[in-house]
file query_26.txt (compact mmCIF, C-alpha atoms)
# COMPACT_ATOMS: atom_id res chain seq x y z
CA MET A 1 11.75 23.55 11.26
CA SER A 2 10.15 26.85 12.19
CA GLY A 3 9.15 29.07 9.29
CA ARG A 4 8.61 26.31 6.75
CA ARG A 5 6.64 23.16 6.24
CA LYS A 6 8.36 19.81 6.53
CA LYS A 7 9.30 18.33 3.17
CA VAL A 8 8.21 14.72 2.62
CA LEU A 9 9.58 12.69 -0.26
CA VAL A 10 6.96 10.18 -1.47
CA THR A 11 8.13 7.53 -3.92
CA GLY A 12 5.57 5.79 -6.07
CA ALA A 13 3.50 8.97 -6.16
CA SER A 14 1.31 7.78 -9.03
CA GLY A 15 0.43 4.57 -7.19
CA LEU A 16 -2.62 3.95 -5.06
CA LEU A 17 -1.01 4.66 -1.70
CA GLY A 18 1.54 7.23 -2.80
CA LEU A 19 -0.98 9.44 -4.59
CA ASN A 20 -3.63 9.22 -1.89
CA PHE A 21 -1.06 9.99 0.81
CA ALA A 22 0.36 12.94 -1.14
CA LEU A 23 -3.05 14.46 -1.89
CA GLN A 24 -4.18 14.00 1.69
CA SER A 25 -1.01 15.49 3.17
CA CYS A 26 0.03 18.26 0.78
CA GLU A 27 -1.69 21.04 2.72
CA THR A 28 0.25 20.12 5.85
CA TYR A 29 3.57 19.12 4.29
CA GLU A 30 5.60 20.13 1.27
CA ILE A 31 5.23 16.95 -0.77
CA VAL A 32 7.71 15.95 -3.46
CA GLY A 33 6.33 12.94 -5.29
CA VAL A 34 8.50 10.62 -7.37
CA VAL A 35 7.05 9.06 -10.52
CA ASN A 36 8.51 6.89 -13.24
CA ARG A 37 6.43 6.00 -16.30
CA ASN A 38 3.05 7.33 -15.17
CA ARG A 39 3.16 11.06 -15.79
CA LEU A 40 0.65 13.24 -13.96
CA HIS A 41 -0.39 16.86 -14.38
CA ASP A 42 -2.10 19.67 -12.49
CA LEU A 43 -1.23 18.12 -9.11
CA PRO A 44 -1.26 20.23 -5.93
CA PHE A 45 2.26 19.03 -5.10
CA ALA A 46 5.61 18.87 -6.89
CA THR A 47 6.82 15.78 -8.74
CA VAL A 48 10.14 14.54 -10.09
CA GLN A 49 10.77 11.66 -12.47
CA ARG A 50 13.25 8.90 -11.65
CA ASP A 51 14.03 5.40 -12.85
CA PHE A 52 14.97 3.33 -9.81
CA PHE A 53 16.62 0.70 -11.97
CA ALA A 54 19.52 3.18 -12.04
CA PRO A 55 21.57 2.08 -9.01
CA ASP A 56 22.53 5.59 -7.91
CA ALA A 57 18.99 6.98 -8.17
CA PRO A 58 17.94 6.67 -4.48
CA ALA A 59 21.07 8.31 -3.02
CA SER A 60 21.19 11.09 -5.62
CA LEU A 61 17.48 11.80 -5.17
CA VAL A 62 17.81 12.16 -1.40
CA GLU A 63 20.84 14.40 -1.90
CA GLU A 64 18.94 16.55 -4.40
CA ILE A 65 15.62 16.89 -2.54
CA ARG A 66 16.94 16.87 1.05
CA PRO A 67 13.62 15.87 2.57
CA ASP A 68 12.69 15.94 6.24
CA ALA A 69 11.02 12.52 5.92
CA ILE A 70 10.63 9.76 3.33
CA LEU A 71 7.69 7.50 2.56
CA HIS A 72 8.93 4.75 0.24
CA CYS A 73 5.90 3.29 -1.56
CA ALA A 74 7.43 2.57 -4.98
CA ALA A 75 7.31 -1.14 -5.76
CA MET A 76 6.54 -3.84 -8.23
CA ALA A 77 3.19 -4.68 -6.68
CA ASN A 78 1.60 -7.00 -9.24
CA ILE A 79 2.15 -10.45 -7.76
CA ASP A 80 1.92 -12.36 -11.03
CA SER A 81 4.21 -9.88 -12.81
CA CYS A 82 6.80 -10.41 -10.07
CA GLU A 83 6.51 -14.16 -10.61
CA GLN A 84 7.28 -13.68 -14.27
CA ASN A 85 10.10 -11.14 -13.67
CA PRO A 86 11.73 -12.21 -10.40
CA GLU A 87 15.04 -10.36 -10.90
CA ASP A 88 13.26 -7.06 -11.55
CA ALA A 89 11.14 -7.67 -8.45
CA ARG A 90 14.23 -8.47 -6.40
CA TRP A 91 15.85 -5.19 -7.42
CA MET A 92 12.83 -2.93 -7.07
CA ASN A 93 11.29 -4.44 -3.94
CA GLY A 94 14.41 -5.82 -2.30
CA MET A 95 17.44 -3.69 -3.12
CA VAL A 96 16.06 -0.19 -3.77
CA PRO A 97 14.42 0.10 -0.31
CA GLY A 98 17.79 -0.64 1.32
CA LEU A 99 19.46 2.08 -0.76
CA PHE A 100 16.84 4.60 0.35
CA ALA A 101 17.17 3.52 3.98
CA GLU A 102 20.95 3.89 3.80
CA ALA A 103 20.68 7.37 2.29
CA ALA A 104 18.10 8.39 4.90
CA GLY A 105 20.24 7.05 7.74
CA LYS A 106 23.25 9.09 6.65
CA ARG A 107 21.17 12.25 7.02
CA SER A 108 19.12 11.11 10.05
CA ILE A 109 15.93 11.37 7.97
CA PRO A 110 12.89 9.42 9.23
CA ILE A 111 11.84 6.81 6.66
CA VAL A 112 8.89 4.45 6.38
CA PHE A 113 9.22 1.54 3.98
CA ILE A 114 5.92 0.07 2.83
CA SER A 115 5.98 -3.72 3.07
CA THR A 116 3.24 -6.32 3.02
CA ASP A 117 1.43 -9.02 4.97
CA ALA A 118 2.39 -11.39 2.13
CA VAL A 119 5.81 -11.99 3.71
CA PHE A 120 3.96 -14.68 5.70
CA ASP A 121 2.75 -17.93 4.16
CA GLY A 122 -0.68 -17.68 5.79
CA GLN A 123 -0.62 -21.27 6.95
CA ALA A 124 -0.54 -20.94 10.72
CA PRO A 125 -1.03 -17.50 12.26
CA GLY A 126 -1.34 -17.54 16.02
CA SER A 127 -4.70 -17.18 17.72
CA ASN A 128 -4.29 -13.38 17.62
CA GLY A 129 -2.71 -13.25 14.17
CA TYR A 130 0.88 -12.89 13.01
CA LEU A 131 3.16 -10.85 15.29
CA GLU A 132 5.79 -8.39 14.06
CA THR A 133 8.40 -10.71 15.57
CA ASP A 134 7.17 -13.91 13.88
CA PRO A 135 9.59 -15.34 11.31
CA VAL A 136 8.57 -14.56 7.75
CA HIS A 137 8.00 -17.30 5.20
CA PRO A 138 7.54 -15.86 1.69
CA ILE A 139 6.00 -18.20 -0.87
CA ASN A 140 6.30 -16.33 -4.19
CA SER A 141 8.64 -13.92 -5.94
CA TYR A 142 6.74 -10.85 -4.77
CA SER A 143 6.81 -11.82 -1.10
CA GLU A 144 10.44 -12.97 -1.32
CA SER A 145 11.43 -9.59 -2.75
CA LYS A 146 9.53 -7.66 -0.07
CA ALA A 147 11.05 -9.78 2.71
CA LEU A 148 14.47 -8.98 1.25
CA GLY A 149 13.51 -5.31 1.27
CA GLU A 150 12.62 -5.51 4.96
CA ARG A 151 15.99 -7.07 5.80
CA ASN A 152 17.94 -4.58 3.74
CA VAL A 153 16.10 -1.57 5.17
CA LEU A 154 16.65 -2.53 8.79
CA SER A 155 20.24 -3.64 8.15
CA ALA A 156 21.07 -0.32 6.52
CA ASN A 157 19.10 1.81 8.96
CA PRO A 158 17.88 0.32 12.28
CA ASP A 159 15.90 3.53 12.96
CA ALA A 160 13.71 2.98 9.89
CA ILE A 161 10.09 1.83 10.11
CA VAL A 162 8.97 -1.17 8.07
CA ALA A 163 5.21 -0.81 7.81
CA ARG A 164 3.50 -4.02 6.76
CA VAL A 165 0.20 -3.05 5.19
CA ASN A 166 -2.78 -4.20 3.14
CA PHE A 167 -5.07 -1.51 1.76
CA PHE A 168 -7.75 -0.59 -0.75
CA GLY A 169 -9.08 2.61 -2.29
CA TRP A 170 -9.46 4.69 -5.42
CA SER A 171 -6.52 4.89 -7.82
CA ILE A 172 -5.62 7.02 -10.82
CA SER A 173 -6.16 4.10 -13.19
CA GLY A 174 -9.29 2.77 -11.51
CA ARG A 175 -7.75 -0.71 -11.54
CA ARG A 176 -5.21 -0.80 -8.70
CA SER A 177 -7.17 -2.27 -5.80
CA LEU A 178 -9.46 -5.17 -5.01
CA SER A 179 -12.20 -2.71 -4.08
CA GLU A 180 -12.06 -1.15 -7.55
CA PHE A 181 -12.18 -4.62 -9.13
CA PHE A 182 -15.37 -5.45 -7.26
CA TYR A 183 -16.90 -2.01 -7.84
CA THR A 184 -16.22 -1.94 -11.60
CA ASN A 185 -17.52 -5.42 -12.30
CA LEU A 186 -20.52 -5.33 -9.98
CA LYS A 187 -21.57 -1.93 -11.34
CA ASP A 188 -21.84 -3.51 -14.78
CA GLY A 189 -23.81 -6.47 -13.44
CA ARG A 190 -21.02 -8.98 -13.98
CA VAL A 191 -20.59 -12.04 -11.77
CA VAL A 192 -17.17 -12.06 -10.08
CA SER A 193 -15.28 -14.51 -7.93
CA GLY A 194 -14.45 -13.81 -4.29
CA PHE A 195 -11.99 -16.06 -2.50
CA LYS A 196 -13.60 -17.74 0.50
CA ASP A 197 -10.23 -19.20 1.53
CA VAL A 198 -8.10 -16.02 1.56
CA PHE A 199 -8.36 -13.81 4.65
CA PHE A 200 -6.86 -10.35 5.10
CA SER A 201 -7.14 -7.26 7.33
CA PRO A 202 -7.16 -4.28 4.97
CA LEU A 203 -7.34 -0.57 5.67
CA TYR A 204 -8.99 2.06 3.52
CA VAL A 205 -6.09 3.95 1.97
CA ARG A 206 -7.12 7.29 3.49
CA ASP A 207 -7.18 5.72 6.97
CA LEU A 208 -3.76 4.20 6.28
CA SER A 209 -2.41 7.56 5.12
CA ARG A 210 -3.42 9.22 8.38
CA ILE A 211 -1.62 6.52 10.35
CA LEU A 212 1.51 6.82 8.21
CA VAL A 213 1.66 10.56 8.93
CA ARG A 214 1.66 9.78 12.63
CA LEU A 215 4.38 7.16 12.19
CA LEU A 216 6.60 9.57 10.26
CA GLU A 217 6.23 12.07 13.08
CA SER A 218 6.87 9.48 15.79
CA SER A 219 9.96 7.93 17.34
CA GLU A 220 8.83 4.41 16.43
CA ARG A 221 11.25 2.10 14.67
CA GLY A 222 11.43 -1.42 13.33
CA VAL A 223 8.62 -3.58 11.97
CA PHE A 224 5.10 -2.23 12.50
CA HIS A 225 1.85 -3.96 11.55
CA VAL A 226 -0.60 -1.40 10.14
CA PHE A 227 -3.84 -3.26 9.41
CA GLY A 228 -7.56 -3.03 9.96
CA ALA A 229 -9.29 -3.98 13.18
CA ARG A 230 -10.49 -7.36 11.88
CA ALA A 231 -9.83 -10.02 9.26
CA LEU A 232 -12.36 -11.02 6.63
CA SER A 233 -12.36 -13.18 3.52
CA LYS A 234 -12.01 -11.60 0.12
CA TYR A 235 -15.44 -13.00 -0.68
CA ASP A 236 -16.94 -11.22 2.32
CA PHE A 237 -15.10 -8.05 1.31
CA GLY A 238 -16.68 -8.23 -2.14
CA VAL A 239 -20.11 -8.69 -0.60
CA GLU A 240 -19.55 -5.60 1.57
CA ILE A 241 -18.63 -3.58 -1.53
CA ALA A 242 -21.80 -4.77 -3.25
CA LYS A 243 -23.97 -3.86 -0.26
CA ALA A 244 -22.34 -0.43 0.15
CA PHE A 245 -23.13 0.56 -3.45
CA GLY A 246 -26.51 -1.15 -3.71
CA PHE A 247 -25.30 -3.82 -6.14
CA ASN A 248 -26.46 -7.43 -6.09
CA PRO A 249 -24.37 -9.33 -3.49
CA GLU A 250 -25.25 -12.60 -5.21
CA ASN A 251 -23.05 -11.52 -8.11
CA VAL A 252 -20.06 -12.18 -5.85
CA ARG A 253 -19.46 -15.91 -6.27
CA PRO A 254 -17.60 -17.75 -3.48
CA THR A 255 -14.64 -19.65 -4.88
CA SER A 256 -11.14 -20.88 -4.00
CA TRP A 257 -7.96 -19.15 -5.09
CA ARG A 258 -6.69 -22.61 -6.07
CA ASP A 259 -9.24 -22.69 -8.89
CA SER A 260 -8.38 -19.23 -10.21
CA GLY A 261 -5.44 -20.04 -12.51
CA LEU A 262 -3.20 -17.41 -10.87
CA ALA A 263 0.51 -17.59 -11.68
CA ALA A 264 1.66 -17.21 -8.07
CA VAL A 265 0.48 -19.05 -5.00
CA ARG A 266 -1.37 -17.01 -2.36
CA SER A 267 -1.17 -16.93 1.43
CA PRO A 268 -4.58 -18.10 2.70
CA ASN A 269 -4.87 -16.64 6.20
CA LEU A 270 -3.21 -13.28 6.78
CA ALA A 271 -4.86 -12.38 10.06
CA MET A 272 -2.43 -9.96 11.66
CA ASN A 273 -1.68 -9.06 15.24
CA ILE A 274 -2.13 -5.30 15.71
CA ASP A 275 -1.46 -4.94 19.45
CA ARG A 276 1.37 -2.47 18.77
CA LEU A 277 -0.81 -0.42 16.43
CA THR A 278 -3.71 -0.49 18.90
CA LYS A 279 -1.46 0.95 21.60
CA PHE A 280 -0.01 3.53 19.21
CA LEU A 281 -3.52 4.70 18.21
CA ASP A 282 -4.92 4.57 21.75
CA GLY A 283 -7.31 1.82 20.72
CA ASN A 284 -8.75 3.65 17.70
CA VAL A 285 -7.84 1.21 14.92
CA PRO A 286 -10.00 1.75 11.81
CA ASP A 287 -12.36 -1.05 10.82
CA PRO A 288 -12.25 -2.33 7.22
CA ILE A 289 -16.06 -2.37 6.94
CA ALA A 290 -16.15 1.28 7.99
CA GLY A 291 -13.44 1.78 5.38
CA VAL A 292 -15.75 0.37 2.71
CA ALA A 293 -18.28 3.04 3.71
CA GLY A 294 -15.54 5.65 3.29
CA PHE A 295 -14.69 4.20 -0.12
CA ARG A 296 -18.36 4.65 -1.11
CA ASP A 297 -18.67 8.13 0.41
CA ASP A 298 -15.57 9.34 -1.43
CA PHE A 299 -17.08 8.06 -4.66
CA LYS A 300 -20.27 10.02 -4.00
CA ALA A 301 -18.16 13.11 -3.33
CA GLY A 302 -16.49 12.73 -6.75
CA PHE A 303 -13.04 11.80 -5.45
CA PRO A 304 -12.18 9.11 -8.05
CA MET A 305 -13.22 11.40 -10.90
CA LYS A 306 -10.90 14.06 -9.51
CA LEU A 307 -8.06 11.53 -9.42
CA TRP A 308 -8.62 10.63 -13.06
CA GLU A 309 -8.25 14.28 -14.03
CA TYR A 310 -4.58 14.09 -12.99
CA ARG A 311 -3.82 11.54 -15.70
CA TRP A 312 -1.66 12.79 -18.53
CA ASN A 313 -3.60 12.05 -21.72
call {"tool": "encode", "arguments": {"input": "query_26.txt", "output": "structure tokens"}}
result
Amino acid sequence: MSGRRKKVLVTGASGLLGLNFALQSCETYEIVGVVNRNRLHDLPFATVQRDFFAPDAPASLVEEIRPDAILHCAAMANIDSCEQNPEDARWMNGMVPGLFAEAAGKRSIPIVFISTDAVFDGQAPGSNGYLETDPVHPINSYSESKALGERNVLSANPDAIVARVNFFGWSISGRRSLSEFFYTNLKDGRVVSGFKDVFFSPLYVRDLSRILVRLLESSERGVFHVFGARALSKYDFGVEIAKAFGFNPENVRPTSWRDSGLAAVRSPNLAMNIDRLTKFLDGNVPDPIAGVAGFRDDFKAGFPMKLWEYRWN
């Protein structure tokens, strides 16, 4: 590796995580980002276009790029869209990750597959949250497809890392994360609903990106929970966003997801056990409330506006 930077292939490079990771890492690594429909321009890293509904796309891409590591973020991430298009979700979230893991294994390339806490039903986490070893119980098409992806990745390549995550941050569209939903609506003085009965342990995307770099450089393998240091309700998260930006917290209305009219059922309590992550980070697991402050500080520094400049008009 001497004499050149490591090359990291990042799929889903126009998505919230893929783009933030690539921008954050491109000075250290040679990033090759993979996009599909969302074309970008003037990026500080290279991109290629691929349609992963072509069955040979993952293997041919790895053969063409020959990366030193792979971060597979590309996914159908809209839960209700997956419910309406389950076969597409099964292919993109379930089959494609296994094809990438197989191609990476043949070349001994480290790979991290981005999965989700939603593989659990959220009904009965243990007192310290769900463990990596707990049996999954998906309850909608999105979570079923991601659970299939986990199985296919580890079956094809036992040295792969399956990183279960939940994150928030600034995206190129301004509409990709829960934090952006709260920010956009509260800024305009609108009253929004926050689920009091859905709990999660999110990370700010820039904190998550730093951890993923360490995982790609590590000898870890298997399922890895990469979550924030505590769980909070989505209502409480919305209130924290309001407070961070000086908006009216009373415009976040506590409600139940059952009254929301969503197409897919939701997992209510996704408190996650992060003992393995805590050990890996020597106890320095980022806190989601501190992440909200980072989300605000990056806004003040003009980061989201810079992201929007990369959009191809």
call {"tool": "closest_atom_pairs", "arguments": {"input": "query_26.txt", "of": "segment 196-290 of chain A", "to": "segment 300-310 of chain A", "cutoff": "12 Å", "atoms": "all atoms listed in the file", "output": "tab-separated table"}}
result
residue	atom	partner	partner_atom	distance
A:Arg206	CA	A:Phe303	CA	11.6
A:Ala244	CA	A:Lys300	CA	11.4
A:Phe245	CA	A:Lys300	CA	9.9
call {"tool": "residues_near_point", "arguments": {"input": "query_26.txt", "point": "(-21.0, -22.2, -3.7)", "cutoff": "12 Å", "atoms": "only C-alpha atoms", "output": "list in words"}}
result
Ser193, Gly194, Phe195, Lys196, Tyr235, Glu250, Asn251, Val252, Arg253, Pro254, Thr255 and Ser256 of chain A
call {"tool": "residues_near_point", "arguments": {"input": "query_26.txt", "point": "(-19.0, -2.8, 6.3)", "cutoff": "9 Å", "atoms": "only C-alpha atoms", "output": "MDAnalysis selection string"}}
result
chainID A and resid 237 240:241 243:244 287:293
call {"tool": "closest_residue", "arguments": {"input": "query_26.txt", "among": "A:Asn38, A:Ser267, A:Ser218, A:Ser233", "to": "Val136 of chain A", "atoms": "all atoms listed in the file"}}
result
A:Ser267
call {"tool": "residues_around", "arguments": {"input": "query_26.txt", "residues": "Gly18 of chain A", "least_positions_apart": "2", "cutoff": "10 Å", "atoms": "all atoms listed in the file", "output": "list of chain:residue names"}}
result
A:Val10, A:Thr11, A:Gly12, A:Ala13, A:Ser14, A:Gly15, A:Leu16, A:Asn20, A:Phe21, A:Ala22, A:Leu23, A:Gln24, A:Gly33, A:Val34, A:Val35, A:Leu71, A:His72, A:Cys73, A:Ala74, A:Ser171, A:Val205, A:Ser209
call {"tool": "write_last_selection", "arguments": {"input": "query_26.txt", "atoms": "C-alpha atoms", "output": "mmCIF file, in the coordinates of the input"}}
result
data_model
loop_
_atom_site.group_PDB
_atom_site.id
_atom_site.type_symbol
_atom_site.label_atom_id
_atom_site.label_comp_id
_atom_site.auth_asym_id
_atom_site.auth_seq_id
_atom_site.Cartn_x
_atom_site.Cartn_y
_atom_site.Cartn_z
ATOM 1 C CA VAL A 10 6.960 10.180 -1.470
ATOM 2 C CA THR A 11 8.130 7.530 -3.920
ATOM 3 C CA GLY A 12 5.570 5.790 -6.070
ATOM 4 C CA ALA A 13 3.500 8.970 -6.160
ATOM 5 C CA SER A 14 1.310 7.780 -9.030
ATOM 6 C CA GLY A 15 0.430 4.570 -7.190
ATOM 7 C CA LEU A 16 -2.620 3.950 -5.060
ATOM 8 C CA ASN A 20 -3.630 9.220 -1.890
ATOM 9 C CA PHE A 21 -1.060 9.990 0.810
ATOM 10 C CA ALA A 22 0.360 12.940 -1.140
ATOM 11 C CA LEU A 23 -3.050 14.460 -1.890
ATOM 12 C CA GLN A 24 -4.180 14.000 1.690
ATOM 13 C CA GLY A 33 6.330 12.940 -5.290
ATOM 14 C CA VAL A 34 8.500 10.620 -7.370
ATOM 15 C CA VAL A 35 7.050 9.060 -10.520
ATOM 16 C CA LEU A 71 7.690 7.500 2.560
ATOM 17 C CA HIS A 72 8.930 4.750 0.240
ATOM 18 C CA CYS A 73 5.900 3.290 -1.560
ATOM 19 C CA ALA A 74 7.430 2.570 -4.980
ATOM 20 C CA SER A 171 -6.520 4.890 -7.820
ATOM 21 C CA VAL A 205 -6.090 3.950 1.970
ATOM 22 C CA SER A 209 -2.410 7.560 5.120
#
call {"tool": "residues_around", "arguments": {"input": "query_26.txt", "residues": "Val165 of chain A", "least_positions_apart": "4", "cutoff": "10 Å", "atoms": "all atoms listed in the file", "output": "list in words"}}
result
Ile114, Ser115, Thr116, Asp117, Ala118, Ser201, Pro202, Leu203, Val205, Leu208, Phe224, His225, Val226, Phe227, Gly228 and Met272 of chain A
call {"tool": "closest_residue", "arguments": {"input": "query_26.txt", "among": "A:Val32, A:Ala163, A:Leu186, A:Leu212", "to": "Lys146 of chain A", "atoms": "all atoms listed in the file"}}
result
A:Ala163
call {"tool": "closest_residue", "arguments": {"input": "query_26.txt", "among": "A:Ala242, A:Val112, A:Ala104, A:Leu216", "to": "Asn157 of chain A", "atoms": "all atoms listed in the file"}}
result
A:Ala104
